[in-house]
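> Got my_file-v1.cif for you, mmCIF, C-alpha atoms and all ligand atoms:
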```cif
data_structure
loop_
_atom_site.label_atom_id
_atom_site.label_comp_id
_atom_site.auth_asym_id
_atom_site.auth_seq_id
_atom_site.Cartn_x
_atom_site.Cartn_y
_atom_site.Cartn_z
CA MET A 165 -70.41 43.75 36.74
CA ASN A 166 -67.90 41.95 38.98
CA ASN A 167 -67.93 42.58 42.72
CA GLU A 168 -64.32 41.52 43.19
CA ILE A 169 -61.07 42.02 41.35
CA ARG A 170 -57.62 40.46 41.89
CA LEU A 171 -54.77 42.48 40.50
CA PHE A 172 -51.01 42.64 40.06
CA SER A 173 -49.55 45.96 41.16
CA PRO A 174 -45.99 46.24 39.88
CA ALA A 175 -42.75 47.51 41.36
CA THR A 176 -41.29 50.57 39.62
CA VAL A 177 -38.01 52.43 39.32
CA ALA A 178 -38.23 56.18 39.90
CA ASN A 179 -35.76 58.87 38.80
CA VAL A 180 -34.03 56.67 36.14
CA ALA A 181 -30.68 58.34 36.97
CA CYS A 182 -31.08 61.93 35.70
CA GLY A 183 -34.85 62.42 36.13
CA PHE A 184 -35.27 63.03 39.88
CA ASP A 185 -38.97 63.13 40.76
CA VAL A 186 -40.09 63.08 37.10
CA LEU A 187 -38.94 59.92 35.27
CA GLY A 188 -39.89 56.33 36.06
CA TYR A 189 -40.37 52.90 34.52
CA CYS A 190 -42.43 49.85 35.37
CA LEU A 191 -41.10 46.38 36.23
CA ASP A 192 -42.62 43.05 35.39
CA ALA A 193 -40.72 40.58 37.57
CA ILE A 194 -41.86 41.85 40.96
CA GLY A 195 -45.06 43.31 42.32
CA ASP A 196 -47.81 42.96 44.92
CA GLU A 197 -51.13 41.22 44.52
CA MET A 198 -54.28 42.85 45.83
CA VAL A 199 -57.94 41.95 46.00
CA VAL A 200 -60.53 44.73 46.02
CA ARG A 201 -64.14 43.79 46.80
CA LYS A 202 -67.38 45.78 46.75
CA THR A 203 -69.37 45.66 49.97
CA ALA A 204 -72.90 46.74 50.88
CA GLU A 205 -71.49 48.36 54.01
CA LYS A 206 -70.13 51.80 53.14
CA GLY A 207 -66.54 52.89 53.76
CA ILE A 208 -63.04 51.49 53.11
CA ARG A 209 -61.78 48.51 55.10
CA ILE A 210 -58.43 46.73 54.86
CA THR A 211 -59.27 43.15 55.73
CA LYS A 212 -56.06 41.25 55.05
CA ILE A 213 -52.34 42.06 54.80
CA GLU A 214 -49.77 39.35 54.13
CA GLY A 215 -46.02 39.66 53.57
CA TYR A 216 -45.16 42.66 55.75
CA ASP A 217 -46.44 44.17 58.96
CA LEU A 218 -48.44 47.23 57.88
CA PRO A 219 -51.34 49.09 59.53
CA TYR A 220 -54.91 47.91 59.00
CA GLU A 221 -56.47 51.32 59.75
CA ALA A 222 -57.36 52.75 56.33
CA GLU A 223 -56.22 56.25 57.26
CA LYS A 224 -52.77 54.95 58.28
CA ASN A 225 -52.18 52.67 55.28
CA VAL A 226 -51.13 54.11 51.89
CA ALA A 227 -53.61 51.85 50.06
CA GLY A 228 -56.34 53.02 52.43
CA VAL A 229 -55.47 56.73 52.16
CA SER A 230 -55.58 56.71 48.35
CA ALA A 231 -58.80 54.65 48.44
CA LEU A 232 -60.40 57.09 50.92
CA ALA A 233 -59.44 60.10 48.77
CA MET A 234 -61.08 58.56 45.71
CA TYR A 235 -64.06 57.27 47.72
CA GLU A 236 -64.79 60.68 49.22
CA ALA A 237 -64.62 62.33 45.79
CA LEU A 238 -66.86 59.77 44.03
CA GLN A 239 -69.26 59.01 46.92
CA PRO A 240 -70.31 55.60 45.53
CA ASP A 241 -73.35 53.83 47.03
CA CYS A 242 -71.20 50.89 48.25
CA GLY A 243 -68.07 50.28 50.29
CA PHE A 244 -64.83 48.41 49.53
CA GLU A 245 -62.68 45.79 51.23
CA ILE A 246 -59.01 45.61 50.33
CA GLU A 247 -56.65 42.65 50.72
CA ILE A 248 -52.93 43.28 50.26
CA TYR A 249 -50.45 40.48 49.47
CA LYS A 250 -47.17 42.33 49.69
CA ASN A 251 -44.07 41.12 47.88
CA ILE A 252 -42.32 44.46 47.57
CA LYS A 253 -40.52 45.21 50.80
CA PRO A 254 -41.33 48.66 52.22
CA GLY A 255 -38.33 50.99 52.02
CA SER A 256 -36.74 49.06 49.15
CA GLY A 257 -36.64 51.89 46.60
CA ILE A 258 -38.73 50.05 44.02
CA GLY A 259 -42.07 51.68 44.68
CA SER A 260 -43.53 49.58 47.49
CA SER A 261 -45.89 52.29 48.75
CA SER A 262 -46.82 53.28 45.19
CA ALA A 263 -47.84 49.72 44.33
CA SER A 264 -50.23 49.72 47.30
CA ALA A 265 -51.53 53.25 46.70
CA ALA A 266 -52.11 52.58 43.00
CA GLY A 267 -53.61 49.11 43.45
CA SER A 268 -56.52 50.15 45.66
CA VAL A 269 -57.70 52.98 43.39
CA TYR A 270 -57.20 50.90 40.23
CA GLY A 271 -59.30 48.07 41.71
CA MET A 272 -62.09 50.41 42.88
CA ASN A 273 -62.17 52.12 39.50
CA GLU A 274 -62.55 48.79 37.68
CA LEU A 275 -65.39 47.71 40.01
CA LEU A 276 -67.18 51.04 39.51
CA GLY A 277 -67.11 50.68 35.70
CA LYS A 278 -63.98 52.80 35.08
CA PRO A 279 -65.30 56.32 35.74
CA LEU A 280 -61.73 57.69 36.09
CA ASP A 281 -58.89 57.90 33.57
CA LYS A 282 -55.28 56.99 34.43
CA THR A 283 -54.33 60.58 35.29
CA LYS A 284 -57.16 60.83 37.83
CA LEU A 285 -56.20 57.46 39.32
CA THR A 286 -52.61 58.69 39.67
CA TYR A 287 -53.93 61.87 41.33
CA TYR A 288 -55.79 59.91 44.05
CA ALA A 289 -52.91 57.45 44.45
CA MET A 290 -50.62 60.44 45.16
CA LYS A 291 -52.63 61.09 48.34
CA GLY A 292 -51.57 57.65 49.63
CA GLU A 293 -47.98 58.02 48.44
CA ALA A 294 -47.72 61.27 50.40
CA LEU A 295 -48.30 59.33 53.63
CA ALA A 296 -45.11 57.33 52.99
CA SER A 297 -42.78 60.02 51.67
CA GLN A 298 -44.26 63.18 53.24
CA CYS A 299 -44.61 64.76 49.81
CA GLU A 300 -46.83 64.17 46.81
CA HIS A 301 -44.82 62.91 43.86
CA ALA A 302 -45.87 60.59 41.08
CA ASP A 303 -42.65 59.26 39.56
CA ASN A 304 -43.36 55.72 40.90
CA LEU A 305 -47.15 55.94 40.58
CA ALA A 306 -47.24 57.05 36.94
CA PRO A 307 -45.28 54.04 35.60
CA ALA A 308 -47.28 51.68 37.88
CA ILE A 309 -50.56 52.98 36.46
CA PHE A 310 -49.60 53.85 32.85
CA GLY A 311 -46.88 51.17 32.35
CA GLY A 312 -43.60 51.59 30.45
CA PHE A 313 -41.51 54.74 30.88
CA THR A 314 -43.26 57.88 32.07
CA LEU A 315 -42.38 61.52 32.60
CA VAL A 316 -44.32 63.55 35.15
CA LYS A 317 -44.40 66.88 33.29
CA SER A 318 -46.12 68.49 36.27
CA ALA A 319 -47.41 67.16 39.60
CA CYS A 320 -49.85 70.04 40.17
CA PRO A 321 -51.82 70.10 37.97
CA LEU A 322 -50.93 66.47 37.27
CA HIS A 323 -49.71 65.91 33.72
CA VAL A 324 -48.11 62.55 32.85
CA LEU A 325 -46.38 61.86 29.51
CA GLU A 326 -46.11 58.26 28.32
CA LEU A 327 -42.71 57.58 26.74
CA PRO A 328 -41.91 54.72 24.34
CA THR A 329 -40.07 51.58 25.50
CA PRO A 330 -37.23 50.44 23.21
CA PRO A 331 -37.85 46.78 22.30
CA ASP A 332 -34.64 45.18 23.63
CA ILE A 333 -34.32 46.94 26.94
CA PHE A 334 -34.12 44.93 30.20
CA ALA A 335 -33.69 46.00 33.80
CA THR A 336 -31.49 44.45 36.49
CA LEU A 337 -32.10 45.27 40.16
CA ILE A 338 -30.14 44.54 43.29
CA HIS A 339 -31.90 45.12 46.58
CA PRO A 340 -29.57 45.15 49.58
CA GLN A 341 -31.66 44.18 52.61
CA ILE A 342 -31.32 47.47 54.43
CA GLU A 343 -34.10 50.01 54.76
CA ILE A 344 -33.80 53.62 53.64
CA LYS A 345 -36.78 55.84 54.37
CA THR A 346 -37.66 58.10 51.43
CA SER A 347 -38.20 61.00 53.82
CA GLU A 348 -34.65 60.56 55.18
CA SER A 349 -33.00 60.23 51.79
CA ARG A 350 -34.82 63.39 50.69
CA ALA A 351 -33.77 65.25 53.83
CA ILE A 352 -30.05 64.92 52.97
CA LEU A 353 -30.43 66.57 49.56
CA PRO A 354 -29.23 70.15 49.02
CA LYS A 355 -31.86 72.83 48.46
CA GLN A 356 -29.72 74.48 45.79
CA ILE A 357 -27.48 73.05 43.06
CA PRO A 358 -24.72 74.57 40.91
CA LEU A 359 -25.87 75.86 37.53
CA GLN A 360 -23.37 73.63 35.70
CA HIS A 361 -24.89 70.53 37.34
CA ALA A 362 -28.39 71.68 36.38
CA ILE A 363 -27.28 72.16 32.76
CA THR A 364 -25.75 68.67 32.62
CA GLN A 365 -28.82 67.13 34.24
CA TRP A 366 -31.44 68.68 31.94
CA ALA A 367 -29.29 67.86 28.90
CA ASN A 368 -29.30 64.24 30.10
CA VAL A 369 -33.06 64.17 30.71
CA GLY A 370 -33.73 65.57 27.24
CA SER A 371 -31.27 63.11 25.69
CA LEU A 372 -32.80 60.18 27.57
CA VAL A 373 -36.28 61.05 26.32
CA HIS A 374 -34.93 61.42 22.76
CA ALA A 375 -33.08 58.08 23.07
CA LEU A 376 -36.31 56.31 24.12
CA HIS A 377 -38.15 57.81 21.13
CA THR A 378 -35.46 56.83 18.64
CA ASN A 379 -34.30 53.47 20.13
CA ASN A 380 -30.84 55.06 20.37
CA TYR A 381 -29.04 52.82 22.87
CA ASP A 382 -25.73 54.71 22.53
CA LEU A 383 -27.42 57.95 23.49
CA LEU A 384 -29.29 56.18 26.31
CA LYS A 385 -25.93 55.10 27.69
CA GLU A 386 -24.64 58.69 27.64
CA ALA A 387 -27.81 59.99 29.26
CA LEU A 388 -28.17 57.56 32.20
CA ILE A 389 -26.05 59.78 34.43
CA ASP A 390 -27.11 61.65 37.56
CA VAL A 391 -24.81 64.49 38.67
CA VAL A 392 -27.32 66.06 41.07
CA ILE A 393 -28.76 63.44 43.46
CA GLU A 394 -26.46 60.39 43.34
CA PRO A 395 -23.36 62.13 44.77
CA HIS A 396 -25.37 62.87 47.96
CA ARG A 397 -27.39 59.67 48.28
CA LYS A 398 -24.81 57.05 47.37
CA GLN A 399 -23.26 57.29 50.84
CA LEU A 400 -26.49 55.66 52.17
CA ILE A 401 -25.93 52.55 50.02
CA PRO A 402 -22.98 50.32 50.97
CA HIS A 403 -20.77 49.36 47.98
CA PHE A 404 -22.73 51.52 45.54
CA ASP A 405 -19.66 52.55 43.51
CA ALA A 406 -18.44 48.93 43.27
CA VAL A 407 -21.86 47.72 42.06
CA LYS A 408 -22.07 50.48 39.48
CA LEU A 409 -18.58 49.76 38.18
CA ALA A 410 -19.30 46.02 37.99
CA ALA A 411 -22.59 46.59 36.16
CA ASN A 412 -21.04 48.94 33.64
CA ASN A 413 -18.09 46.57 33.09
CA ALA A 414 -20.58 43.74 32.47
CA GLY A 415 -22.13 45.74 29.63
CA ALA A 416 -24.96 47.75 31.22
CA LEU A 417 -26.07 50.92 29.45
CA GLY A 418 -26.14 52.61 32.83
CA CYS A 419 -26.55 51.96 36.54
CA ALA A 420 -27.95 54.25 39.23
CA ILE A 421 -29.93 54.37 42.48
CA SER A 422 -33.50 53.12 42.13
CA GLY A 423 -35.78 55.80 43.55
CA SER A 424 -34.52 56.81 46.98
CA GLY A 425 -32.59 53.53 47.41
CA PRO A 426 -31.27 51.21 48.68
CA SER A 427 -32.04 49.27 45.46
CA ILE A 428 -29.72 49.89 42.53
CA PHE A 429 -30.89 49.42 38.94
CA ALA A 430 -29.13 48.91 35.64
CA LEU A 431 -30.59 48.99 32.13
CA SER A 432 -29.17 46.75 29.40
CA LYS A 433 -29.76 46.17 25.72
CA SER A 434 -30.62 42.46 25.95
CA GLU A 435 -31.81 39.93 28.50
CA ALA A 436 -28.45 38.12 28.25
CA THR A 437 -26.57 41.31 29.16
CA ALA A 438 -29.07 42.05 31.96
CA LYS A 439 -28.31 38.57 33.39
CA ALA A 440 -24.55 39.14 33.11
CA VAL A 441 -25.07 42.42 34.96
CA GLU A 442 -27.04 40.55 37.63
CA SER A 443 -24.11 38.14 38.17
CA ALA A 444 -21.67 41.05 38.37
CA MET A 445 -23.83 42.81 40.97
CA GLN A 446 -24.23 39.56 42.97
CA GLU A 447 -20.47 39.06 42.99
CA VAL A 448 -19.94 42.43 44.66
CA TYR A 449 -22.52 41.86 47.40
CA SER A 450 -21.72 38.22 48.02
CA LYS A 451 -18.34 39.38 49.35
CA THR A 452 -20.12 41.39 52.05
CA ASP A 453 -22.28 40.31 54.98
CA ILE A 454 -25.32 42.22 53.68
CA GLU A 455 -28.15 40.04 52.40
CA PHE A 456 -29.55 40.96 49.02
CA GLU A 457 -32.07 40.01 46.32
CA THR A 458 -31.61 40.49 42.60
CA TYR A 459 -34.10 40.58 39.72
CA VAL A 460 -33.93 40.72 35.95
CA SER A 461 -37.09 42.13 34.42
CA LYS A 462 -38.44 43.21 31.10
CA ILE A 463 -40.10 46.60 31.12
CA ASN A 464 -43.80 46.19 31.91
CA THR A 465 -45.54 48.32 29.29
CA GLN A 466 -49.02 47.55 30.68
CA GLY A 467 -48.61 48.59 34.31
CA ILE A 468 -51.16 47.35 36.84
CA LYS A 469 -53.14 44.42 35.50
CA THR A 470 -56.20 42.41 36.41
CA LEU A 471 -55.37 38.78 37.17
N1 LIG A 501 -38.31 60.60 43.36
C1 LIG A 501 -38.42 60.06 44.67
C2 LIG A 501 -37.10 60.22 45.39
C3 LIG A 501 -38.77 58.61 44.55
O1 LIG A 501 -36.08 59.90 44.78
O2 LIG A 501 -37.09 60.68 46.53
C4 LIG A 501 -38.89 57.90 45.86
O3 LIG A 501 -40.20 57.77 46.26
#
```
Could you quickly redo this structure as structure tokens?


Amino acid sequence: MNNEIRLFSPATVANVACGFDVLGYCLDAIGDEMVVRKTAEKGIRITKIEGYDLPYEAEKNVAGVSALAMYEALQPDCGFEIEIYKNIKPGSGIGSSSASAAGSVYGMNELLGKPLDKTKLTYYAMKGEALASQCEHADNLAPAIFGGFTLVKSACPLHVLELPTPPDIFATLIHPQIEIKTSESRAILPKQIPLQHAITQWANVGSLVHALHTNNYDLLKEALIDVVIEPHRKQLIPHFDAVKLAANNAGALGCAISGSGPSIFALSKSEATAKAVESAMQEVYSKTDIEFETYVSKINTQGIKTL
């Protein structure tokens, strides 16, 4: 059995407009690389971090916290070293902490001969994710670990549903280079919502799931609407309404905040449309003084992969 694994841990889009804290999908065009290595010395050590300035102490790093949770439960007769090559900027809204939290447990599980299934891996990864967002949710972790579109039916006990990915669907992302902390963008949300908004939202979630199962792009377009969270959070993202309008005018099926922002995602029915949407988004932000990155990505149906 190998003593070392190098892996790609993908970025993800949580919420997918109407599915706050439950829906997510996995990206292919951006992700972190990690190396996990078995050591004779027991314990979890983070030995290298490149890309962003993050803590080396395992108990202060999301990859270390998820690794420690799994390590303490399994009590293996070895230790692990973790190297993190970060491409996903922390606070970007495309699952930076989830990629780290998922990568360490995935790598350890592979090196131990896969004792855990994907649900258990997600469970331990949630312990790391909680360090970043101050609450345990799995809507970024589940797509990173399972791939494709996922629905977190329940976080406790954890129950993840894998949803189908329509064949022609592509994602476009714009990441304005500002940081929004998940904890802060959760703090501004209301504790209660009007019944009419709840009715619209759960009708959209159900319709979105049905659209994915039936490759119904027209229904997908009608369902990619968030009447509960977006009205509160969009004020944190400069030019959100202009980007959304431009994306929809360029042919996107829908456009919404990616996770807790500041990234904004759109879904489109072809790669050509996804690229036209990218240009439309770029045009909006290039008129401002905010730096930004954009990506066009197919949906990654595999999730984390060994390199
Ligand atoms: N569902 C979470 C949120 C994802 O929107 O706050 C961010 O981690």

> Would you pick out the contacts of stretch 400-407 of chain A at 12 Å or less, using all atoms listed in the file, so that residues sharing its chain but fewer than 3 positions from it are not included, and give the list as a ChimeraX atom specification?

/A:256-257,336-346,348-350,352-353,393-397,410-414,416,418-422,424-430,441-456

> Suppose you want the space between atom CA of A:Asp185 and atom CA of A:Ala263; what is it in Å?

16.5 Å

> Using only C-alpha atoms and all ligand atoms, which of the listed residues (A:Ile210, A:Ala227, A:Leu276, A:Leu315) sits closest to ligand LIG 501 (chain A)?

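Looking only at the distances to ligand LIG 501 (chain A), the closest residue turns out to be A:Leu315.
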
> May I have the residues at most 10 Å from (-45.4, 60.9, 26.0) in the file's coordinates, counting all atoms listed in the file, as a PyMOL selection string?

chain A and resi 313-317+324-328+373+377

> From the set A:Phe172, A:Tyr381, A:Phe334, A:Phe184, which residue has the shortest atom-to-atom contact distance to A:Tyr270, counting all atoms listed in the file?

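Among A:Phe172, A:Tyr381, A:Phe334, A:Phe184, it is A:Phe172 that comes nearest to A:Tyr270.
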
> Kindly indicate which residue among A:Cys320, A:Leu218, A:Val200, A:Ala181 lies nearest to ligand LIG 501 (chain A), using all atoms listed in the file for the distances.

A:Ala181

> Quick one: of A:Ala289, A:Leu384, A:Ala222, A:Ala308, who's nearest to A:Asp196, counting all atoms listed in the file?

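Answer, going by the shortest atom-to-atom distance: A:Ala308.
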
> Adding 4 Å on each side of the box along x, y and z that holds all listed atoms of ligand LIG 501 (chain A), could you give its centre and edge lengths in Å to one decimal, as JSON?


```
{"center_x": -38.1, "center_y": 59.2, "center_z": 44.9, "size_x": 12.1, "size_y": 10.9, "size_z": 11.2}
```

> May I ask for the distance between atom CA of A:Gly259 and atom CA of A:Asn179, given in Å to one decimal place?

11.2 Å

> Please indicate the distance in Å from atom CA of A:Ile463 to atom CA of A:Leu191, rounded to one decimal place.

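If I compute the distance from atom CA of A:Ile463 to atom CA of A:Leu191, I get 5.2 Å.
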
> For a quick check of understanding, using only C-alpha atoms and all ligand atoms, which of A:Asp332, A:Glu386, A:Glu293, A:Glu457 has the smallest distance to ligand LIG 501 (chain A)?

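Counting only C-alpha atoms and all ligand atoms, the residue closest to ligand LIG 501 (chain A) is A:Glu293.
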
> May I ask which of the residues A:Lys433, A:Lys212, A:Lys439, A:His301 is the closest one to ligand LIG 501 (chain A), counting only C-alpha atoms and all ligand atoms?

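For ligand LIG 501 (chain A), the nearest of the candidates is A:His301.
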
> Write out as a PyMOL selection string the residues lying within 8 Å of A:Met198, counting only C-alpha atoms and excluding same-chain residues fewer than 5 positions away.

chain A and resi 170-173+246-249+267-268

> Pick out the residues sitting within 12 Å of A:Ser371, and hand them over as an MDAnalysis selection string; count only C-alpha atoms, and ignore anything fewer than 6 positions along from it in its own chain.

chainID A and resid 182:183 364:365 377:389

> Taking (-59.4, 52.5, 42.7) in the file's coordinates, which residues come within 9 Å, counting all atoms listed in the file, written as a PyMOL selection string?

chain A and resi 200+230-231+234-235+265-276+278+280+285+288-289

> Please provide the set of residues having any atom within 10 Å of stretch 239-241 of chain A, restricted to all atoms listed in the file, with same-chain residues fewer than 2 positions apart removed, written as a list in words.

Thr203, Ala204, Glu205, Lys206, Gly207, Leu232, Met234, Tyr235, Glu236, Ala237, Gly243, Phe244 and Leu276 of chain A

> Would you mind listing what lies within 6 Å of A:Ser461 as an mmCIF file with C-alpha atoms, keeping the file's coordinate frame, with all atoms listed in the file counted and same-chain residues fewer than 4 positions away left out?


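Output file out15.cif is given in full below:
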```
data_model
loop_
_atom_site.group_PDB
_atom_site.id
_atom_site.type_symbol
_atom_site.label_atom_id
_atom_site.label_comp_id
_atom_site.auth_asym_id
_atom_site.auth_seq_id
_atom_site.Cartn_x
_atom_site.Cartn_y
_atom_site.Cartn_z
ATOM 1 C CA ASP A 192 -42.620 43.050 35.390
ATOM 2 C CA ALA A 193 -40.720 40.580 37.570
ATOM 3 C CA PHE A 334 -34.120 44.930 30.200
ATOM 4 C CA ALA A 335 -33.690 46.000 33.800
#
```
